[in-house]
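Participant: Can you keep this structure in mind? I'll have questions shortly.
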Amino acid sequence: MLKQIEGSHAMAEAIALCRPEVICAYPITPQTHIVEGLGELVKKGALVDCEYINVESEFAALSVAIGASAAGARAYTATASQGLLFMAEAVYNASGLGLPIVMTLGNRAIGAPINIWNDHSDAMSMRDSGWLQLFAETNQEAVDLHIQGFRIAEELSMPAMVCVDGFILTHAMERIDIPDQAAVDTYLPPYDPVQVLEPASPISIGAMVGPDAFTEVRFLAHYKQTQALGLIPEFAREFAKTFGRESGGLLRGYRAEDADLLVVAMGSVCGTIKDTIDEMRDDGVGIGLVTIISFRPFPVDALRTALAGARDVVVVEKSVAVGMGGQLADNVGAAIRNLPRAPRLHSAVAGLGGRPITRASLHHLFRQATVQPWEGTHFLDLNEKVVGREIHRKRKSRRSGPTAENILRQLAIATGLPAAE
Amino acid sequence: MFQVRIHGRGGQGVVTGAEMLSMTAFFEGRHAQAFPSFGSERTGAPVVAFCRIADQEIRLREPIMEPDCLIVQDATLFKVIDVFAGLRSDGYLLVNSNKSFSELHIREAADRLPKGHAVIVPATEFALKHIGRPVPNAALLSAFAALTQFVHIDSVKRAIDKAFPGKVGAANIAAAADAYEFVLSQQHAASAA
Amino acid sequence: MTNPVATLAPEEAVQKLKYYQKGTFTVGNRLVAEAERSVQASRDRSNALTCGHRACQGCGEALGARYAIDAAMRASKNNLIAVNATGCLEVFTTPYPETSWQLPWLHSLFGNAAAVATGVAAAMRVKKHNEVRVIAQGGDGGTTDIGFQCLSGMFERNDDVLYICYDNEGYMNTGVQRSSATPPAARTATTAAVGPEPGNVFGTGKSVPKIAVAHNIPYVATATVADLHDLERKVTKAMGIYGARYIQINVPCPLGWGAASHDTIRLARLAVECGLYPIFEAEHGKVTQVRKIRRPVPVADYLKLQRRFAHLFRNGHEDPRVARLQAICDANIAEYALIDAAAEDA
């Protein structure tokens, strides 16, 4: 049913349709509306056979989900940014134990400096943890990926993160088709665990594994993710059949087939990129987009095929590995490295800490890639004056003060607004 | 695509206003995207909300930089931020105030727009009269309908009713009706002149 | 012997007791009426922690866990799931690929046993397996320090979990480091017995049982391997209650305390009888019962048997901190009324 609804609430309704049995809630901007929505559905009886638990930290939230999942219940939680880091130990524990927990990540920047706005640094921090990481381009896809997420996670016995851009998707109200319960039940059967704690057949889960077996256990986890490369498209096709729309999968192209310049990106920025591409195509530029939905497992083969014919590839991403550069660019580079005529790779970092990514800036960036390519990582819309002043200031004095506060003061001076004391 | 940018202060229902506008368009079978400029909201702090309306899927996610219509819920903002930034030359301006453009020192900005595109509505007064609280968003929504004719007043009423249940909804609709009539009569007066 | 990880059919998975495991002199079963015998005295006990694990000789924790879990299994008719924190108990009971647990058992992390148990209990509720009960267990490190947040959360929500803390007063699994349960002046690897103030500092102490009482949860108890009947009674009682419950068992660690492995129970008894480890029960925020000390002993008698306190008695000279430890004992005795006036006069 079509609804005009806030992204978070649509996701809450979709998750409820998946018949979760244990939901653990701890608030953190910007996912809070999701767990609030679910709490309300449970309290008023719209979501039945579900235990909703308010926990005391994110670490507790995922730990409760671990216990519930190991005992055979379909478990769900949500977090972002700092909360994801606080539960980091449990994140690795859940995937190491092979528990199919689904978690929404309301993508938000990681501090310090503290920042509540959107970027992908939180998802990036857990990219090696063994979780599936699926990025939604739209709120419709956010709804759909939760449903697909439970299916894929339980099939593989592997936890899944559904990444949705904080504020941009979570807090936007738009037209979304909420599936009906019957269709979801057809697509997503009840959870049938591979391992379960039950008195009738006692097992021990979570033993220490030494050097003689650890490699094999890790290999099997890696192998499972390569299996996911096949399952994700298969379940996306099945989704399209059941629900009547394309959603999910490993990646998707937009005007990519005959493009000399291909942009690669993830999440909601792809919408803005598509509008930019249409405008540039009208100007005769052979440009297209490859949207990556499955970041983990990383679709190496599919991406290599998609990018093989391009002359230039511009990766636009909302995170940076300090000291190295863009993580997505790094992974894309690895995928195309051995192509006989590998495209030139251009790495751009944009939207950090919620800075809006505009069509105007993207136009400029895409033209620059061919006309005046840059070396290394390009920070889109960097305020070079402020940065220059701060570098200079730091050289002048050892006790130069905290960087973030200094930058804020510079910006305040520049805009003529009163600076904080 | 039609883009509306709403300026106000925290607590004035700016975000709800944008959402109601999106709901209005939804009821007319269109696509609409409403979102706030996100921040740690505090009552009284400047807040901006956006609404895009189109007949096909809206893919754009940047803030609205070139609005087709500017709605200003709080006239004290003119001194604080550049409210008019990017307003299209053929755009619309709707200001909540009981002063005139000249008294608000924005005569020049209003005159830059085509005739009949800039209007002042005492939306807070209508709100106080019917709802008893200075929340002008519903009244401004119907004023928008009257000014631009971009959405129908019946859809507006339906959206208000969905956002505010029961008596509160009825009171908001009454305020909205007053504002609608007010703007229409302004338009008639202006075109007659 | 321990089981290889489950390739056995369910009916084979639980080991039957062998004849020689029937019972021991320790619990005096031959002299006690059948109905009053301990769970461990029974051939029908679940033997949930079976032999073959890798605990040290004289390990108090293995002893306490065996008694506690079998009592809980009997009380729940073997419908029990255990969640274990990282620590000695987890490590010595599951030397991969073997396990000595004969009940469903999960080890997640060091600090989250209470939260994981909450999740298991929630799953049982939602699946309507109301007869299945949940135990969370860990050492003092995993309970009083790194596991404290999750423990408090579980208490506050009154989740239906019995948390058992095996208190051997230090991080023993990692090589005997200091925890907030380590007594003042004790030597550990991180509170070396050197310098002007050898051994652990005199902090303010951290009594998790008291904190549990302050949470007003339905049942709190301290127990000791010096009184195994009492331990079984308390676990059985706790299993008859629903909601958050906490039992902390004093379990001497011969290796960590520098004591003889045959002195485990003796040390536990001395800890109680000098007043350093009060044994009590509490319900909904009020102490309901204490174990009286019939024959109080000076704290020095307890300390002298442990090399972790040896630096307090060098060269025949008693460190003044022994008197401070005695003062703690005296304060406990006063606070919990551990000595009857009549006994004092006698």
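The way I read the labels, and the way they are meant: chains A, B, ... in the order of the structure tokens, residue 1 as the first residue of every chain, and ligand 1 as the first ligand shown, with later ones counted on from there.
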Might you pull out every residue within 8 Å of Val4 of chain B, with only C-alpha atoms counted and same-chain residues fewer than 4 positions away left off, and present them as a ChimeraX atom specification?
Facilitator: /B:50-52,64,67-71
Participant: Tell me, as a ChimeraX atom specification, which residues lie within 12 Å of Val220 of chain C, counting only C-alpha atoms; anything in the same chain fewer than 5 positions away does not count.
Facilitator: /C:155,162-165,207-215,234-235,237-239,241,243-249,279-290
Participant: Could you please take those selected residues and save C-alpha atoms as a compact mmCIF listing (two decimals), in the first residue's frame?
Facilitator:
```
# COMPACT_ATOMS: atom_id res chain seq x y z
CA PHE C 155 18.61 -6.15 37.46
CA LEU C 162 19.70 -16.08 37.74
CA TYR C 163 23.19 -14.61 37.66
CA ILE C 164 25.82 -16.62 39.49
CA CYS C 165 29.16 -14.96 40.20
CA SER C 207 30.09 -5.22 47.17
CA VAL C 208 28.05 -6.34 44.19
CA PRO C 209 25.70 -8.26 46.51
CA LYS C 210 24.94 -4.99 48.28
CA ILE C 211 24.43 -3.26 44.97
CA ALA C 212 22.12 -6.10 43.92
CA VAL C 213 20.16 -5.60 47.14
CA ALA C 214 19.94 -1.88 46.34
CA HIS C 215 18.33 -2.81 43.00
CA LYS C 234 20.11 -21.12 47.83
CA VAL C 235 20.27 -22.05 44.16
CA LYS C 237 15.37 -21.37 46.28
CA ALA C 238 16.43 -18.91 43.60
CA MET C 239 15.12 -21.22 40.89
CA ILE C 241 11.60 -17.35 42.06
CA GLY C 243 12.73 -12.21 37.97
CA ALA C 244 16.30 -11.01 38.42
CA ARG C 245 18.29 -13.02 40.97
CA TYR C 246 21.95 -12.88 42.03
CA ILE C 247 24.09 -15.37 43.88
CA GLN C 248 27.75 -14.68 44.58
CA ILE C 249 29.83 -17.66 45.67
CA ILE C 279 27.00 -14.97 54.07
CA PHE C 280 23.48 -13.65 53.79
CA GLU C 281 20.25 -13.62 51.82
CA ALA C 282 18.13 -10.67 50.81
CA GLU C 283 14.81 -10.20 49.06
CA HIS C 284 13.43 -7.06 47.47
CA GLY C 285 16.02 -4.80 49.08
CA LYS C 286 16.02 -6.22 52.60
CA VAL C 287 18.43 -8.69 54.21
CA THR C 288 16.32 -11.65 55.32
CA GLN C 289 18.83 -14.09 56.73
CA VAL C 290 22.47 -14.24 57.74
```
Participant: As number ranges by chain, which residues of segment 71-148 of chain B does DSSP assign to alpha helix (DSSP H)?
Facilitator: B: 107-111, 123-130, 137-148
Participant: Let's have the selection written as a compact mmCIF listing (two decimals), in the first residue's frame, with N, CA and C atoms.
Facilitator:
```
# COMPACT_ATOMS: atom_id res chain seq x y z
N ARG B 107 10.65 45.07 0.90
CA ARG B 107 9.88 45.53 -0.26
C ARG B 107 10.59 45.21 -1.57
N GLU B 108 11.91 45.46 -1.55
CA GLU B 108 12.71 45.26 -2.76
C GLU B 108 12.66 43.82 -3.23
N ALA B 109 12.86 42.90 -2.28
CA ALA B 109 12.86 41.47 -2.62
C ALA B 109 11.50 41.06 -3.17
N ALA B 110 10.44 41.59 -2.55
CA ALA B 110 9.08 41.24 -3.00
C ALA B 110 8.82 41.79 -4.40
N ASP B 111 9.30 43.02 -4.65
CA ASP B 111 9.05 43.65 -5.95
C ASP B 111 9.80 42.98 -7.09
N ALA B 123 -0.89 34.73 9.40
CA ALA B 123 -1.26 33.34 9.69
C ALA B 123 -1.31 33.06 11.20
N THR B 124 -0.39 33.69 11.93
CA THR B 124 -0.38 33.46 13.39
C THR B 124 -1.68 33.96 14.02
N GLU B 125 -2.20 35.11 13.49
CA GLU B 125 -3.45 35.61 14.03
C GLU B 125 -4.59 34.64 13.77
N PHE B 126 -4.62 34.08 12.55
CA PHE B 126 -5.67 33.09 12.25
C PHE B 126 -5.54 31.87 13.17
N ALA B 127 -4.28 31.50 13.43
CA ALA B 127 -4.05 30.34 14.29
C ALA B 127 -4.51 30.62 15.72
N LEU B 128 -4.13 31.79 16.22
CA LEU B 128 -4.53 32.15 17.59
C LEU B 128 -6.05 32.20 17.70
N LYS B 129 -6.68 32.70 16.63
CA LYS B 129 -8.14 32.85 16.66
C LYS B 129 -8.83 31.50 16.75
N HIS B 130 -8.38 30.54 15.94
CA HIS B 130 -9.11 29.26 15.87
C HIS B 130 -8.52 28.16 16.74
N ASN B 137 1.41 26.94 10.70
CA ASN B 137 1.76 26.14 9.53
C ASN B 137 0.57 25.72 8.67
N ALA B 138 -0.54 25.35 9.30
CA ALA B 138 -1.70 24.92 8.52
C ALA B 138 -2.25 26.09 7.70
N ALA B 139 -2.30 27.26 8.34
CA ALA B 139 -2.80 28.45 7.64
C ALA B 139 -1.89 28.80 6.47
N LEU B 140 -0.59 28.66 6.67
CA LEU B 140 0.34 28.99 5.60
C LEU B 140 0.23 27.99 4.46
N LEU B 141 -0.10 26.77 4.79
CA LEU B 141 -0.25 25.75 3.76
C LEU B 141 -1.40 26.09 2.81
N SER B 142 -2.52 26.51 3.39
CA SER B 142 -3.65 26.86 2.53
C SER B 142 -3.38 28.18 1.81
N ALA B 143 -2.63 29.06 2.46
CA ALA B 143 -2.24 30.30 1.79
C ALA B 143 -1.40 29.99 0.57
N PHE B 144 -0.53 29.01 0.73
CA PHE B 144 0.30 28.55 -0.38
C PHE B 144 -0.59 28.06 -1.53
N ALA B 145 -1.61 27.30 -1.17
CA ALA B 145 -2.54 26.78 -2.19
C ALA B 145 -3.20 27.91 -2.93
N ALA B 146 -3.62 28.92 -2.18
CA ALA B 146 -4.30 30.06 -2.81
C ALA B 146 -3.33 30.85 -3.68
N LEU B 147 -2.13 31.04 -3.19
CA LEU B 147 -1.15 31.86 -3.89
C LEU B 147 -0.68 31.21 -5.20
N THR B 148 -0.34 29.96 -5.13
CA THR B 148 0.29 29.30 -6.29
C THR B 148 -0.69 28.48 -7.12
```
Participant: Record the distance separating atom CA of Asp260 of chain A and atom CA of Thr370 of chain A, expressed in Å with one decimal.
Facilitator: 10.0 Å
Participant: Using only C-alpha atoms, find each residue of chain A with at least one atom at most 9 Å away from an atom of chain C; report its shortest atom-to-atom pair and that distance in Å (one decimal), sort the rows by chain and rising residue number, and return the result as JSON lines.
Facilitator:
```
{"residue": "A:Glu21", "atom": "CA", "partner": "C:Val126", "partner_atom": "CA", "distance": 6.5}
{"residue": "A:Val22", "atom": "CA", "partner": "C:Ala123", "partner_atom": "CA", "distance": 6.8}
{"residue": "A:Cys24", "atom": "CA", "partner": "C:Gly119", "partner_atom": "CA", "distance": 8.8}
{"residue": "A:Asp49", "atom": "CA", "partner": "C:Val126", "partner_atom": "CA", "distance": 5.7}
{"residue": "A:Cys50", "atom": "CA", "partner": "C:Val126", "partner_atom": "CA", "distance": 6.2}
{"residue": "A:Glu51", "atom": "CA", "partner": "C:Ala122", "partner_atom": "CA", "distance": 6.3}
{"residue": "A:Tyr52", "atom": "CA", "partner": "C:Ala122", "partner_atom": "CA", "distance": 8.8}
{"residue": "A:Ile53", "atom": "CA", "partner": "C:Ala122", "partner_atom": "CA", "distance": 8.5}
{"residue": "A:Asn54", "atom": "CA", "partner": "C:Arg157", "partner_atom": "CA", "distance": 8.4}
{"residue": "A:Val55", "atom": "CA", "partner": "C:Gly153", "partner_atom": "CA", "distance": 6.7}
{"residue": "A:Glu56", "atom": "CA", "partner": "C:Gly153", "partner_atom": "CA", "distance": 5.7}
{"residue": "A:Ser57", "atom": "CA", "partner": "C:Cys150", "partner_atom": "CA", "distance": 8.2}
{"residue": "A:Phe59", "atom": "CA", "partner": "C:Asn112", "partner_atom": "CA", "distance": 7.8}
{"residue": "A:Ala60", "atom": "CA", "partner": "C:Ala115", "partner_atom": "CA", "distance": 5.5}
{"residue": "A:Ala61", "atom": "CA", "partner": "C:Ala115", "partner_atom": "CA", "distance": 7.8}
{"residue": "A:Leu62", "atom": "CA", "partner": "C:Val116", "partner_atom": "CA", "distance": 8.5}
{"residue": "A:Ser63", "atom": "CA", "partner": "C:Val116", "partner_atom": "CA", "distance": 5.0}
{"residue": "A:Val64", "atom": "CA", "partner": "C:Gly119", "partner_atom": "CA", "distance": 4.1}
{"residue": "A:Ala65", "atom": "CA", "partner": "C:Gly119", "partner_atom": "CA", "distance": 5.9}
{"residue": "A:Ile66", "atom": "CA", "partner": "C:Val116", "partner_atom": "CA", "distance": 6.2}
{"residue": "A:Gly67", "atom": "CA", "partner": "C:Val116", "partner_atom": "CA", "distance": 4.3}
{"residue": "A:Ala68", "atom": "CA", "partner": "C:Gly119", "partner_atom": "CA", "distance": 4.2}
{"residue": "A:Ser69", "atom": "CA", "partner": "C:Ala123", "partner_atom": "CA", "distance": 7.7}
{"residue": "A:Ala70", "atom": "CA", "partner": "C:Val120", "partner_atom": "CA", "distance": 7.4}
{"residue": "A:Ala71", "atom": "CA", "partner": "C:Val120", "partner_atom": "CA", "distance": 5.6}
{"residue": "A:Gly72", "atom": "CA", "partner": "C:Ala123", "partner_atom": "CA", "distance": 6.9}
{"residue": "A:Ala73", "atom": "CA", "partner": "C:Ala123", "partner_atom": "CA", "distance": 5.4}
{"residue": "A:Arg74", "atom": "CA", "partner": "C:Ala123", "partner_atom": "CA", "distance": 8.6}
{"residue": "A:Ala75", "atom": "CA", "partner": "C:Ala123", "partner_atom": "CA", "distance": 8.9}
{"residue": "A:Glu89", "atom": "CA", "partner": "C:Leu109", "partner_atom": "CA", "distance": 7.8}
{"residue": "A:Ala90", "atom": "CA", "partner": "C:Leu109", "partner_atom": "CA", "distance": 7.3}
{"residue": "A:Asn93", "atom": "CA", "partner": "C:Ser108", "partner_atom": "CA", "distance": 6.7}
{"residue": "A:Ala94", "atom": "CA", "partner": "C:Ser108", "partner_atom": "CA", "distance": 8.3}
{"residue": "A:Leu97", "atom": "CA", "partner": "C:Ser108", "partner_atom": "CA", "distance": 8.3}
{"residue": "A:Val196", "atom": "CA", "partner": "C:Pro104", "partner_atom": "CA", "distance": 8.5}
{"residue": "A:Leu197", "atom": "CA", "partner": "C:Pro104", "partner_atom": "CA", "distance": 5.2}
{"residue": "A:Glu198", "atom": "CA", "partner": "C:Pro104", "partner_atom": "CA", "distance": 5.9}
{"residue": "A:Pro199", "atom": "CA", "partner": "C:Asn79", "partner_atom": "CA", "distance": 5.5}
{"residue": "A:Ala200", "atom": "CA", "partner": "C:Pro10", "partner_atom": "CA", "distance": 7.0}
{"residue": "A:Ser201", "atom": "CA", "partner": "C:Pro10", "partner_atom": "CA", "distance": 5.0}
{"residue": "A:Pro202", "atom": "CA", "partner": "C:Pro104", "partner_atom": "CA", "distance": 4.1}
{"residue": "A:Ile203", "atom": "CA", "partner": "C:Pro104", "partner_atom": "CA", "distance": 4.9}
{"residue": "A:Ser204", "atom": "CA", "partner": "C:Trp105", "partner_atom": "CA", "distance": 4.6}
{"residue": "A:Ile205", "atom": "CA", "partner": "C:Leu106", "partner_atom": "CA", "distance": 4.8}
{"residue": "A:Gly206", "atom": "CA", "partner": "C:His107", "partner_atom": "CA", "distance": 4.6}
{"residue": "A:Ala207", "atom": "CA", "partner": "C:Thr94", "partner_atom": "CA", "distance": 5.6}
{"residue": "A:Met208", "atom": "CA", "partner": "C:Tyr96", "partner_atom": "CA", "distance": 6.1}
{"residue": "A:Val209", "atom": "CA", "partner": "C:Tyr96", "partner_atom": "CA", "distance": 6.0}
{"residue": "A:Gly210", "atom": "CA", "partner": "C:Tyr96", "partner_atom": "CA", "distance": 7.8}
```
